[in-house]
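J.: Structure: input01.pdb, PDB, C-alpha atoms and all ligand atoms.
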ATOM      1  CA  MET Q   8       8.016  -0.858 -30.524
ATOM      2  CA  SER Q   9       7.260  -2.810 -27.386
ATOM      3  CA  ARG Q  10       8.495  -1.298 -24.144
ATOM      4  CA  GLU Q  11       9.309  -2.964 -20.837
ATOM      5  CA  LEU Q  12       7.791  -1.916 -17.532
ATOM      6  CA  ILE Q  13       9.475  -2.404 -14.170
ATOM      7  CA  ALA Q  14       6.685  -2.157 -11.594
ATOM      8  CA  PHE Q  15       7.924  -2.493  -8.020
ATOM      9  CA  TYR Q  16       6.846  -2.121  -4.417
ATOM     10  CA  SER Q  17       9.512  -1.199  -1.903
ATOM     11  CA  ARG Q  18       9.517   0.305   1.566
ATOM     12  CA  ALA Q  19      12.427   2.340   2.936
ATOM     13  CA  ASP Q  20      12.288   3.139   6.701
ATOM     14  CA  GLU Q  21      13.157   0.689   9.476
ATOM     15  CA  ASN Q  22      13.727  -2.825   8.213
ATOM     16  CA  TYR Q  23      15.214  -6.125   9.284
ATOM     17  CA  TRP Q  24      18.592  -6.311   7.604
ATOM     18  CA  ASN Q  25      21.026  -9.182   8.013
ATOM     19  CA  GLY Q  26      19.869 -10.082  11.505
ATOM     20  CA  THR Q  27      19.441  -6.560  12.845
ATOM     21  CA  LEU Q  28      17.090  -3.584  12.504
ATOM     22  CA  LYS Q  29      18.372  -0.811  10.250
ATOM     23  CA  MET Q  30      16.987   2.445   8.814
ATOM     24  CA  LEU Q  31      17.027   2.182   5.014
ATOM     25  CA  HIS Q  32      16.843   5.326   2.899
ATOM     26  CA  VAL Q  33      16.259   3.381  -0.305
ATOM     27  CA  GLY Q  34      14.379   0.101  -0.061
ATOM     28  CA  ASN Q  35      16.095  -3.124  -1.134
ATOM     29  CA  THR Q  36      13.662  -3.909  -3.943
ATOM     30  CA  GLU Q  37      14.017  -0.369  -5.258
ATOM     31  CA  VAL Q  38      17.791  -0.932  -5.588
ATOM     32  CA  VAL Q  39      17.174  -4.064  -7.678
ATOM     33  CA  ALA Q  40      14.485  -2.307  -9.761
ATOM     34  CA  GLY Q  41      16.960   0.503 -10.497
ATOM     35  CA  LEU Q  42      19.585  -1.979 -11.691
ATOM     36  CA  ILE Q  43      17.040  -3.721 -13.949
ATOM     37  CA  ALA Q  44      16.046  -0.341 -15.415
ATOM     38  CA  GLU Q  45      19.693   0.456 -16.063
ATOM     39  CA  MET Q  46      20.239  -2.905 -17.785
ATOM     40  CA  THR Q  47      17.041  -3.056 -19.851
ATOM     41  CA  GLY Q  48      16.153   0.593 -20.469
ATOM     42  CA  GLY Q  49      12.672  -0.250 -19.099
ATOM     43  CA  GLU Q  50      10.408   2.278 -17.421
ATOM     44  CA  LEU Q  51      10.053   2.297 -13.633
ATOM     45  CA  PHE Q  52       6.714   2.452 -11.860
ATOM     46  CA  ARG Q  53       6.441   2.481  -8.065
ATOM     47  CA  ILE Q  54       3.487   0.573  -6.612
ATOM     48  CA  GLU Q  55       2.653   2.694  -3.594
ATOM     49  CA  GLN Q  56      -0.095   2.371  -0.994
ATOM     50  CA  LEU Q  57      -2.257   5.417  -0.412
ATOM     51  CA  HIS Q  58      -1.890   4.763   3.321
ATOM     52  CA  PRO Q  59       1.648   3.450   3.861
ATOM     53  CA  TYR Q  60       2.495   1.019   6.607
ATOM     54  CA  SER Q  61       4.295   2.296   9.705
ATOM     55  CA  LYS Q  62       7.945   3.369   9.522
ATOM     56  CA  ASP Q  63       8.456   1.185  12.600
ATOM     57  CA  TYR Q  64       9.402  -2.352  11.505
ATOM     58  CA  ASN Q  65       7.421  -4.268  14.117
ATOM     59  CA  GLU Q  66       4.271  -2.212  13.612
ATOM     60  CA  CYS Q  67       4.656  -2.605   9.859
ATOM     61  CA  THR Q  68       4.857  -6.378  10.137
ATOM     62  CA  SER Q  69       1.634  -6.459  12.212
ATOM     63  CA  GLU Q  70      -0.195  -4.192   9.752
ATOM     64  CA  ALA Q  71       0.965  -6.255   6.773
ATOM     65  CA  LYS Q  72      -0.004  -9.506   8.519
ATOM     66  CA  ALA Q  73      -3.485  -8.164   9.310
ATOM     67  CA  ASP Q  74      -3.963  -7.071   5.677
ATOM     68  CA  GLN Q  75      -2.850 -10.490   4.445
ATOM     69  CA  SER Q  76      -5.130 -12.356   6.868
ATOM     70  CA  ARG Q  77      -8.214 -10.476   5.660
ATOM     71  CA  GLY Q  78      -7.204 -10.602   1.977
ATOM     72  CA  ALA Q  79      -7.105  -6.786   1.819
ATOM     73  CA  ARG Q  80      -6.524  -4.857  -1.384
ATOM     74  CA  PRO Q  81      -4.980  -1.595  -0.099
ATOM     75  CA  GLU Q  82      -5.770   1.385  -2.272
ATOM     76  CA  LEU Q  83      -2.847   2.612  -4.371
ATOM     77  CA  LYS Q  84      -1.694   6.198  -4.867
ATOM     78  CA  ALA Q  85      -1.604   5.851  -8.645
ATOM     79  CA  TYR Q  86      -1.683   3.360 -11.502
ATOM     80  CA  PRO Q  87      -0.048   3.379 -14.927
ATOM     81  CA  GLU Q  88      -2.598   4.815 -17.362
ATOM     82  CA  SER Q  89      -2.546   1.578 -19.337
ATOM     83  CA  LEU Q  90      -0.360  -1.464 -19.900
ATOM     84  CA  ASN Q  91      -0.865  -1.348 -23.661
ATOM     85  CA  GLY Q  92       2.487  -1.298 -25.350
ATOM     86  CA  TYR Q  93       4.223  -3.260 -22.602
ATOM     87  CA  ASP Q  94       4.726  -6.923 -23.492
ATOM     88  CA  VAL Q  95       7.135  -7.602 -20.645
ATOM     89  CA  ILE Q  96       6.518  -6.562 -17.065
ATOM     90  CA  TYR Q  97       9.200  -6.992 -14.446
ATOM     91  CA  LEU Q  98       7.315  -7.201 -11.154
ATOM     92  CA  GLY Q  99       9.327  -6.513  -7.998
ATOM     93  CA  TYR Q 100       8.348  -6.760  -4.330
ATOM     94  CA  PRO Q 101       9.690  -7.710  -0.904
ATOM     95  CA  ASN Q 102       8.604 -11.026   0.535
ATOM     96  CA  TYR Q 103       5.939 -10.155   3.142
ATOM     97  CA  TRP Q 104       4.831 -13.107   5.227
ATOM     98  CA  GLY Q 105       5.660 -15.626   2.536
ATOM     99  CA  THR Q 106       4.264 -13.787  -0.478
ATOM    100  CA  MET Q 107       3.841 -10.292  -1.968
ATOM    101  CA  PRO Q 108       2.594  -7.241  -0.057
ATOM    102  CA  MET Q 109      -1.176  -6.978  -0.550
ATOM    103  CA  ALA Q 110      -0.716  -3.719  -2.495
ATOM    104  CA  VAL Q 111       0.901  -5.798  -5.255
ATOM    105  CA  PHE Q 112      -2.253  -7.959  -5.312
ATOM    106  CA  THR Q 113      -4.209  -4.691  -5.793
ATOM    107  CA  PHE Q 114      -1.977  -3.812  -8.746
ATOM    108  CA  LEU Q 115      -2.382  -7.250 -10.366
ATOM    109  CA  ASP Q 116      -6.168  -7.171  -9.874
ATOM    110  CA  LYS Q 117      -6.422  -3.854 -11.671
ATOM    111  CA  PHE Q 118      -5.175  -4.891 -15.133
ATOM    112  CA  ASP Q 119      -5.681  -7.635 -17.675
ATOM    113  CA  PHE Q 120      -2.334  -9.368 -18.075
ATOM    114  CA  SER Q 121      -3.462 -11.765 -20.839
ATOM    115  CA  GLY Q 122      -0.666 -12.434 -23.293
ATOM    116  CA  LYS Q 123       1.874 -10.460 -21.274
ATOM    117  CA  THR Q 124       5.092 -11.826 -19.861
ATOM    118  CA  ILE Q 125       5.655 -11.257 -16.144
ATOM    119  CA  ARG Q 126       9.152 -11.603 -14.693
ATOM    120  CA  PRO Q 127       8.893 -11.633 -10.894
ATOM    121  CA  PHE Q 128      11.768 -10.502  -8.681
ATOM    122  CA  CYS Q 129      11.756 -10.355  -4.942
ATOM    123  CA  THR Q 130      13.982  -9.388  -2.039
ATOM    124  CA  HIS Q 131      13.713 -11.238   1.243
ATOM    125  CA  GLU Q 132      15.501 -12.160   4.469
ATOM    126  CA  GLY Q 133      15.530 -15.918   4.058
ATOM    127  CA  SER Q 134      12.255 -17.101   2.506
ATOM    128  CA  GLY Q 135      13.106 -16.432  -1.141
ATOM    129  CA  LEU Q 136      10.105 -16.062  -3.442
ATOM    130  CA  GLY Q 137       7.877 -18.035  -1.040
ATOM    131  CA  GLY Q 138       4.432 -18.570  -2.579
ATOM    132  CA  SER Q 139       4.529 -15.342  -4.598
ATOM    133  CA  VAL Q 140       4.983 -16.841  -8.064
ATOM    134  CA  SER Q 141       2.103 -19.226  -7.587
ATOM    135  CA  ASP Q 142      -0.031 -16.304  -6.314
ATOM    136  CA  ILE Q 143       0.870 -14.274  -9.437
ATOM    137  CA  ARG Q 144      -0.138 -17.233 -11.620
ATOM    138  CA  LYS Q 145      -3.501 -17.435  -9.836
ATOM    139  CA  LEU Q 146      -4.136 -13.705 -10.241
ATOM    140  CA  CYS Q 147      -2.946 -13.581 -13.871
ATOM    141  CA  PRO Q 148      -3.910 -16.976 -15.343
ATOM    142  CA  ASP Q 149      -3.458 -15.852 -18.949
ATOM    143  CA  ALA Q 150      -0.032 -14.283 -18.506
ATOM    144  CA  LYS Q 151       3.244 -16.052 -19.103
ATOM    145  CA  VAL Q 152       4.866 -15.944 -15.664
ATOM    146  CA  GLU Q 153       8.578 -16.672 -15.966
ATOM    147  CA  THR Q 154      11.090 -17.984 -13.436
ATOM    148  CA  GLY Q 155      11.478 -15.515 -10.597
ATOM    149  CA  LEU Q 156      14.614 -14.032  -9.103
ATOM    150  CA  ALA Q 157      15.079 -13.902  -5.327
ATOM    151  CA  ILE Q 158      17.805 -11.764  -3.764
ATOM    152  CA  ARG Q 159      18.551 -11.435  -0.100
ATOM    153  CA  GLY Q 160      17.801  -7.855   0.978
ATOM    154  CA  CYS Q 161      21.172  -7.297   2.626
ATOM    155  CA  ARG Q 162      22.979  -8.382  -0.564
ATOM    156  CA  VAL Q 163      21.241  -6.170  -3.136
ATOM    157  CA  ASN Q 164      24.306  -3.995  -3.613
ATOM    158  CA  GLU Q 165      26.338  -7.040  -4.682
ATOM    159  CA  SER Q 166      23.647  -8.503  -6.945
ATOM    160  CA  ARG Q 167      24.449  -6.890 -10.301
ATOM    161  CA  HIS Q 168      25.956 -10.024 -11.836
ATOM    162  CA  GLU Q 169      23.118 -12.280 -10.650
ATOM    163  CA  ILE Q 170      20.533  -9.877 -12.106
ATOM    164  CA  GLU Q 171      22.377  -9.680 -15.426
ATOM    165  CA  LYS Q 172      22.412 -13.472 -15.686
ATOM    166  CA  TRP Q 173      18.697 -13.711 -14.887
ATOM    167  CA  ILE Q 174      17.724 -11.067 -17.434
TER
HETATM  168  C1  LIG D 201       5.920  -6.749   6.752
HETATM  169  C2  LIG D 201       7.167  -7.534   6.474
HETATM  170  C3  LIG D 201       7.087  -8.910   6.346
HETATM  171  C4  LIG D 201       8.217  -9.644   5.990
HETATM  172  N1  LIG D 201       8.104 -11.002   5.843
HETATM  173  C5  LIG D 201       9.179 -11.710   5.415
HETATM  174  C6  LIG D 201       9.078 -13.111   5.200
HETATM  175  O1  LIG D 201       8.036 -13.732   5.388
HETATM  176  N2  LIG D 201      10.192 -13.758   4.748
HETATM  177  C7  LIG D 201      11.376 -13.114   4.516
HETATM  178  O2  LIG D 201      12.326 -13.750   4.083
HETATM  179  N3  LIG D 201      11.499 -11.790   4.715
HETATM  180  C8  LIG D 201      10.433 -11.059   5.168
HETATM  181  N4  LIG D 201      10.556  -9.709   5.363
HETATM  182  C9  LIG D 201      11.818  -9.051   5.034
HETATM  183  C10 LIG D 201      11.733  -8.350   3.675
HETATM  184  O3  LIG D 201      11.239  -9.219   2.675
HETATM  185  C11 LIG D 201      13.122  -7.836   3.233
HETATM  186  O4  LIG D 201      13.689  -7.046   4.230
HETATM  187  C12 LIG D 201      13.035  -7.070   1.930
HETATM  188  O5  LIG D 201      14.319  -6.958   1.377
HETATM  189  C13 LIG D 201      12.465  -5.668   2.102
HETATM  190  O6  LIG D 201      12.418  -5.032   0.846
HETATM  191  P1  LIG D 201      12.177  -3.474   0.665
HETATM  192  O7  LIG D 201      13.298  -2.758   1.384
HETATM  193  O8  LIG D 201      12.233  -3.262  -0.806
HETATM  194  O9  LIG D 201      10.827  -3.145   1.221
HETATM  195  C14 LIG D 201       9.455  -8.978   5.771
HETATM  196  C15 LIG D 201       9.535  -7.598   5.958
HETATM  197  C16 LIG D 201       8.417  -6.866   6.305
HETATM  198  C17 LIG D 201       8.519  -5.370   6.490
END
Could you take the file, read its structure, and then write that structure out as structure tokens?
T.:
Amino acid sequence: MSRELIAFYSRADENYWNGTLKMLHVGNTEVVAGLIAEMTGGELFRIEQLHPYSKDYNECTSEAKADQSRGARPELKAYPESLNGYDVIYLGYPNYWGTMPMAVFTFLDKFDFSGKTIRPFCTHEGSGLGGSVSDIRKLCPDAKVETGLAIRGCRVNESRHEIEKWI
């Protein structure tokens, strides 16, 4: 039987949240990933950098910007052993500078997504999905990349209905 994977990147720590800086103990994208897992019975996988960005929001934004500018592929802590057996992959990430964090690019580079369905979801503070879906299509040209879901980070706890509809 085919299983569903929910692969997500999310950073707790200090974040920009509804116009102010706030310490988050669970990242916004992780909240959405958890709801999707609850609704679909899919398996969660956290995409995690070996060397995480700073807990300080402003430092983190500079580090992420520098990585994006040089097209970095930050090393990850771990990968799923294989994607065999998963036909559908929910791919979650925060919008970082208009697209995905570069660690998500690392994850997409690692596997062959031919014939798989990717359902992108993102949390953000105003830019929605930005260019992320088109970047996923470039990285995974033989995957079926479906319409993405964008949820404002400060509204993730009220997003259950929207997620249900999208699924
Ligand atoms: C490095 C960095 C860059 C960001 N760039 C954007 C951006 O370009 N557009 C936007 O709407 N939000 C941006 N944000 C806000 C995040 O997308 C938003 O807070 C998101 O919900 C964080 O998800 P997380 O808690 O799962 O990491 C940025 C946040 C960080 C830390």
J.: Residue by residue, what does the PyMOL selection byres (((chain Q and resi 26-41) around 7) and not hetatm) grab here? Present the result as a ChimeraX atom specification.
T.: /Q:13,15,17-25,42-45,99-101,129-130,160,163
J.: Would you mind reading off the distance between CA of Thr106 (chain Q) and CA of Gly92 (chain Q), one decimal, in Å?
T.: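 Pair CA of Thr106 (chain Q) / CA of Gly92 (chain Q) returns 27.9 Å.
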J.: Which residue out of Q:Phe114, Q:Tyr64, Q:Tyr16, Q:Phe120 has the minimum interatomic distance to Tyr93 (chain Q) when only C-alpha atoms are used?
T.: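 Selected residue with least distance to Tyr93 (chain Q): Q:Phe120.
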J.: Find the residues around Ile96 (chain Q) up to 8 Å (only C-alpha atoms counted), leave out those fewer than 4 positions away in its own chain, and share them as a count of residues only.
T.: 8
J.: When the PyMOL selection byres (((chain Q and resi 159) around 8) and not hetatm) is applied to the structure above, which residues does it catch, written out as a VMD selection string?
T.: chain Q and resid 130 to 133 135 157 to 158 160 to 163
J.: Q:Ser61, Q:Thr113, Q:Gln56, Q:Ser76: which is nearest ligand LIG 201 (chain D), counting only C-alpha atoms and all ligand atoms?
T.: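 Under the stated criterion, the closest residue is Q:Ser61.
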J.: Write out as AutoDock Vina command-line options an axis-aligned box for ligand LIG 201 (chain D): all of its atoms listed in the file, 4 Å added on each side, centre and edge lengths in Å with one decimal.
T.:
--center_x 10.1 --center_y -8.3 --center_z 3.0 --size_x 16.4 --size_y 19.0 --size_z 15.6
J.: Run the PyMOL selection byres (((chain Q and resi 79) around 10) and not hetatm) on the file and write out the hits as an MDAnalysis selection string.
T.: chainID Q and resid 71 73:78 80:82 108:110 112:113
J.: In Å, with one decimal, what is the gap from atom C13 of ligand LIG 201 (chain D) to CA of Thr68 (chain Q)?
T.: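 Distance between the two atoms: 11.1 Å.
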J.: Here is a test: counting all atoms listed in the file, which residue of Q:Phe52, Q:Trp173, Q:Tyr60, Q:Tyr97 is nearest to ligand LIG 201 (chain D)?
T.: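 The answer is Q:Tyr60, which sits nearest to ligand LIG 201 (chain D).
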J.: Quick one: distance from CA of Cys67 (chain Q) to atom C4 of ligand LIG 201 (chain D) in Å, one decimal?
T.: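 Interatomic distance here is 8.8 Å.
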J.: When you count only C-alpha atoms, which of these residues is closest to Asp116 (chain Q): Q:Met46, Q:Tyr86, Q:Phe128, Q:Ser141?
T.: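 Residue with the minimum atom-to-atom distance to Asp116 (chain Q): Q:Tyr86.
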J.: Which one is closest to Phe118 (chain Q): Q:Val140, Q:Val152, Q:Leu146, Q:Val95? Count all atoms listed in the file.
T.: Q:Leu146
J.: Can you work out which one of Q:Leu90, Q:Ala150, Q:Ala85, Q:Leu136 has the shortest atom-to-atom distance to ligand LIG 201 (chain D), counting all atoms listed in the file?
T.: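 Counting all atoms listed in the file, the residue closest to ligand LIG 201 (chain D) is Q:Leu136.
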J.: Rebuild region 140-173 of chain Q to N, CA and C atoms - output it as a PDB file, keeping the file's coordinate frame, please.
T.:
ATOM      1  N   VAL Q 140       5.133 -16.560  -6.630  1.00  0.00           N
ATOM      2  CA  VAL Q 140       4.983 -16.841  -8.064  1.00  0.00           C
ATOM      3  C   VAL Q 140       3.676 -17.594  -8.296  1.00  0.00           C
ATOM      4  N   SER Q 141       3.363 -18.510  -7.399  1.00  0.00           N
ATOM      5  CA  SER Q 141       2.103 -19.226  -7.587  1.00  0.00           C
ATOM      6  C   SER Q 141       0.926 -18.271  -7.373  1.00  0.00           C
ATOM      7  N   ASP Q 142       1.044 -17.300  -6.482  1.00  0.00           N
ATOM      8  CA  ASP Q 142      -0.031 -16.304  -6.314  1.00  0.00           C
ATOM      9  C   ASP Q 142      -0.177 -15.448  -7.572  1.00  0.00           C
ATOM     10  N   ILE Q 143       0.946 -15.075  -8.196  1.00  0.00           N
ATOM     11  CA  ILE Q 143       0.870 -14.274  -9.437  1.00  0.00           C
ATOM     12  C   ILE Q 143       0.159 -15.086 -10.516  1.00  0.00           C
ATOM     13  N   ARG Q 144       0.501 -16.374 -10.591  1.00  0.00           N
ATOM     14  CA  ARG Q 144      -0.138 -17.233 -11.620  1.00  0.00           C
ATOM     15  C   ARG Q 144      -1.648 -17.331 -11.400  1.00  0.00           C
ATOM     16  N   LYS Q 145      -2.057 -17.371 -10.127  1.00  0.00           N
ATOM     17  CA  LYS Q 145      -3.501 -17.435  -9.836  1.00  0.00           C
ATOM     18  C   LYS Q 145      -4.192 -16.135 -10.230  1.00  0.00           C
ATOM     19  N   LEU Q 146      -3.516 -15.010  -9.959  1.00  0.00           N
ATOM     20  CA  LEU Q 146      -4.136 -13.705 -10.241  1.00  0.00           C
ATOM     21  C   LEU Q 146      -4.109 -13.364 -11.728  1.00  0.00           C
ATOM     22  N   CYS Q 147      -3.123 -13.913 -12.440  1.00  0.00           N
ATOM     23  CA  CYS Q 147      -2.946 -13.581 -13.871  1.00  0.00           C
ATOM     24  C   CYS Q 147      -2.857 -14.879 -14.666  1.00  0.00           C
ATOM     25  N   PRO Q 148      -3.972 -15.633 -14.757  1.00  0.00           N
ATOM     26  CA  PRO Q 148      -3.910 -16.976 -15.343  1.00  0.00           C
ATOM     27  C   PRO Q 148      -3.528 -16.983 -16.822  1.00  0.00           C
ATOM     28  N   ASP Q 149      -3.752 -15.874 -17.512  1.00  0.00           N
ATOM     29  CA  ASP Q 149      -3.458 -15.852 -18.949  1.00  0.00           C
ATOM     30  C   ASP Q 149      -2.156 -15.147 -19.286  1.00  0.00           C
ATOM     31  N   ALA Q 150      -1.350 -14.889 -18.260  1.00  0.00           N
ATOM     32  CA  ALA Q 150      -0.032 -14.283 -18.506  1.00  0.00           C
ATOM     33  C   ALA Q 150       1.003 -15.403 -18.538  1.00  0.00           C
ATOM     34  N   LYS Q 151       2.126 -15.111 -19.162  1.00  0.00           N
ATOM     35  CA  LYS Q 151       3.244 -16.052 -19.103  1.00  0.00           C
ATOM     36  C   LYS Q 151       4.115 -15.586 -17.928  1.00  0.00           C
ATOM     37  N   VAL Q 152       4.110 -16.358 -16.855  1.00  0.00           N
ATOM     38  CA  VAL Q 152       4.866 -15.944 -15.664  1.00  0.00           C
ATOM     39  C   VAL Q 152       6.183 -16.717 -15.651  1.00  0.00           C
ATOM     40  N   GLU Q 153       7.272 -16.008 -15.819  1.00  0.00           N
ATOM     41  CA  GLU Q 153       8.578 -16.672 -15.966  1.00  0.00           C
ATOM     42  C   GLU Q 153       9.238 -16.947 -14.610  1.00  0.00           C
ATOM     43  N   THR Q 154      10.360 -17.632 -14.661  1.00  0.00           N
ATOM     44  CA  THR Q 154      11.090 -17.984 -13.436  1.00  0.00           C
ATOM     45  C   THR Q 154      11.489 -16.726 -12.674  1.00  0.00           C
ATOM     46  N   GLY Q 155      11.194 -16.715 -11.397  1.00  0.00           N
ATOM     47  CA  GLY Q 155      11.478 -15.515 -10.597  1.00  0.00           C
ATOM     48  C   GLY Q 155      12.914 -15.453 -10.113  1.00  0.00           C
ATOM     49  N   LEU Q 156      13.279 -14.265  -9.679  1.00  0.00           N
ATOM     50  CA  LEU Q 156      14.614 -14.032  -9.103  1.00  0.00           C
ATOM     51  C   LEU Q 156      14.437 -13.601  -7.650  1.00  0.00           C
ATOM     52  N   ALA Q 157      15.155 -14.267  -6.746  1.00  0.00           N
ATOM     53  CA  ALA Q 157      15.079 -13.902  -5.327  1.00  0.00           C
ATOM     54  C   ALA Q 157      16.460 -13.447  -4.859  1.00  0.00           C
ATOM     55  N   ILE Q 158      16.519 -12.284  -4.249  1.00  0.00           N
ATOM     56  CA  ILE Q 158      17.805 -11.764  -3.764  1.00  0.00           C
ATOM     57  C   ILE Q 158      17.658 -11.379  -2.300  1.00  0.00           C
ATOM     58  N   ARG Q 159      18.614 -11.780  -1.514  1.00  0.00           N
ATOM     59  CA  ARG Q 159      18.551 -11.435  -0.100  1.00  0.00           C
ATOM     60  C   ARG Q 159      18.705  -9.920   0.055  1.00  0.00           C
ATOM     61  N   GLY Q 160      17.831  -9.316   0.861  1.00  0.00           N
ATOM     62  CA  GLY Q 160      17.801  -7.855   0.978  1.00  0.00           C
ATOM     63  C   GLY Q 160      19.158  -7.246   1.306  1.00  0.00           C
ATOM     64  N   CYS Q 161      19.900  -7.887   2.194  1.00  0.00           N
ATOM     65  CA  CYS Q 161      21.172  -7.297   2.626  1.00  0.00           C
ATOM     66  C   CYS Q 161      22.264  -7.483   1.573  1.00  0.00           C
ATOM     67  N   ARG Q 162      21.958  -8.141   0.462  1.00  0.00           N
ATOM     68  CA  ARG Q 162      22.979  -8.382  -0.564  1.00  0.00           C
ATOM     69  C   ARG Q 162      22.663  -7.661  -1.884  1.00  0.00           C
ATOM     70  N   VAL Q 163      21.664  -6.767  -1.857  1.00  0.00           N
ATOM     71  CA  VAL Q 163      21.241  -6.170  -3.136  1.00  0.00           C
ATOM     72  C   VAL Q 163      22.372  -5.388  -3.817  1.00  0.00           C
ATOM     73  N   ASN Q 164      23.237  -4.803  -2.994  1.00  0.00           N
ATOM     74  CA  ASN Q 164      24.306  -3.995  -3.613  1.00  0.00           C
ATOM     75  C   ASN Q 164      25.393  -4.849  -4.266  1.00  0.00           C
ATOM     76  N   GLU Q 165      25.352  -6.142  -4.032  1.00  0.00           N
ATOM     77  CA  GLU Q 165      26.338  -7.040  -4.682  1.00  0.00           C
ATOM     78  C   GLU Q 165      25.644  -7.942  -5.696  1.00  0.00           C
ATOM     79  N   SER Q 166      24.449  -7.554  -6.160  1.00  0.00           N
ATOM     80  CA  SER Q 166      23.647  -8.503  -6.945  1.00  0.00           C
ATOM     81  C   SER Q 166      23.675  -8.253  -8.457  1.00  0.00           C
ATOM     82  N   ARG Q 167      24.463  -7.275  -8.877  1.00  0.00           N
ATOM     83  CA  ARG Q 167      24.449  -6.890 -10.301  1.00  0.00           C
ATOM     84  C   ARG Q 167      24.641  -8.092 -11.240  1.00  0.00           C
ATOM     85  N   HIS Q 168      25.633  -8.911 -10.947  1.00  0.00           N
ATOM     86  CA  HIS Q 168      25.956 -10.024 -11.836  1.00  0.00           C
ATOM     87  C   HIS Q 168      24.797 -11.034 -11.910  1.00  0.00           C
ATOM     88  N   GLU Q 169      24.242 -11.319 -10.741  1.00  0.00           N
ATOM     89  CA  GLU Q 169      23.118 -12.280 -10.650  1.00  0.00           C
ATOM     90  C   GLU Q 169      21.916 -11.771 -11.457  1.00  0.00           C
ATOM     91  N   ILE Q 170      21.671 -10.473 -11.371  1.00  0.00           N
ATOM     92  CA  ILE Q 170      20.533  -9.877 -12.106  1.00  0.00           C
ATOM     93  C   ILE Q 170      20.798  -9.957 -13.609  1.00  0.00           C
ATOM     94  N   GLU Q 171      22.011  -9.632 -13.994  1.00  0.00           N
ATOM     95  CA  GLU Q 171      22.377  -9.680 -15.426  1.00  0.00           C
ATOM     96  C   GLU Q 171      22.131 -11.066 -15.984  1.00  0.00           C
ATOM     97  N   LYS Q 172      22.558 -12.079 -15.239  1.00  0.00           N
ATOM     98  CA  LYS Q 172      22.412 -13.472 -15.686  1.00  0.00           C
ATOM     99  C   LYS Q 172      20.932 -13.834 -15.845  1.00  0.00           C
ATOM    100  N   TRP Q 173      20.134 -13.395 -14.889  1.00  0.00           N
ATOM    101  CA  TRP Q 173      18.697 -13.711 -14.887  1.00  0.00           C
ATOM    102  C   TRP Q 173      17.986 -13.033 -16.055  1.00  0.00           C
TER     103      TRP Q 173
END
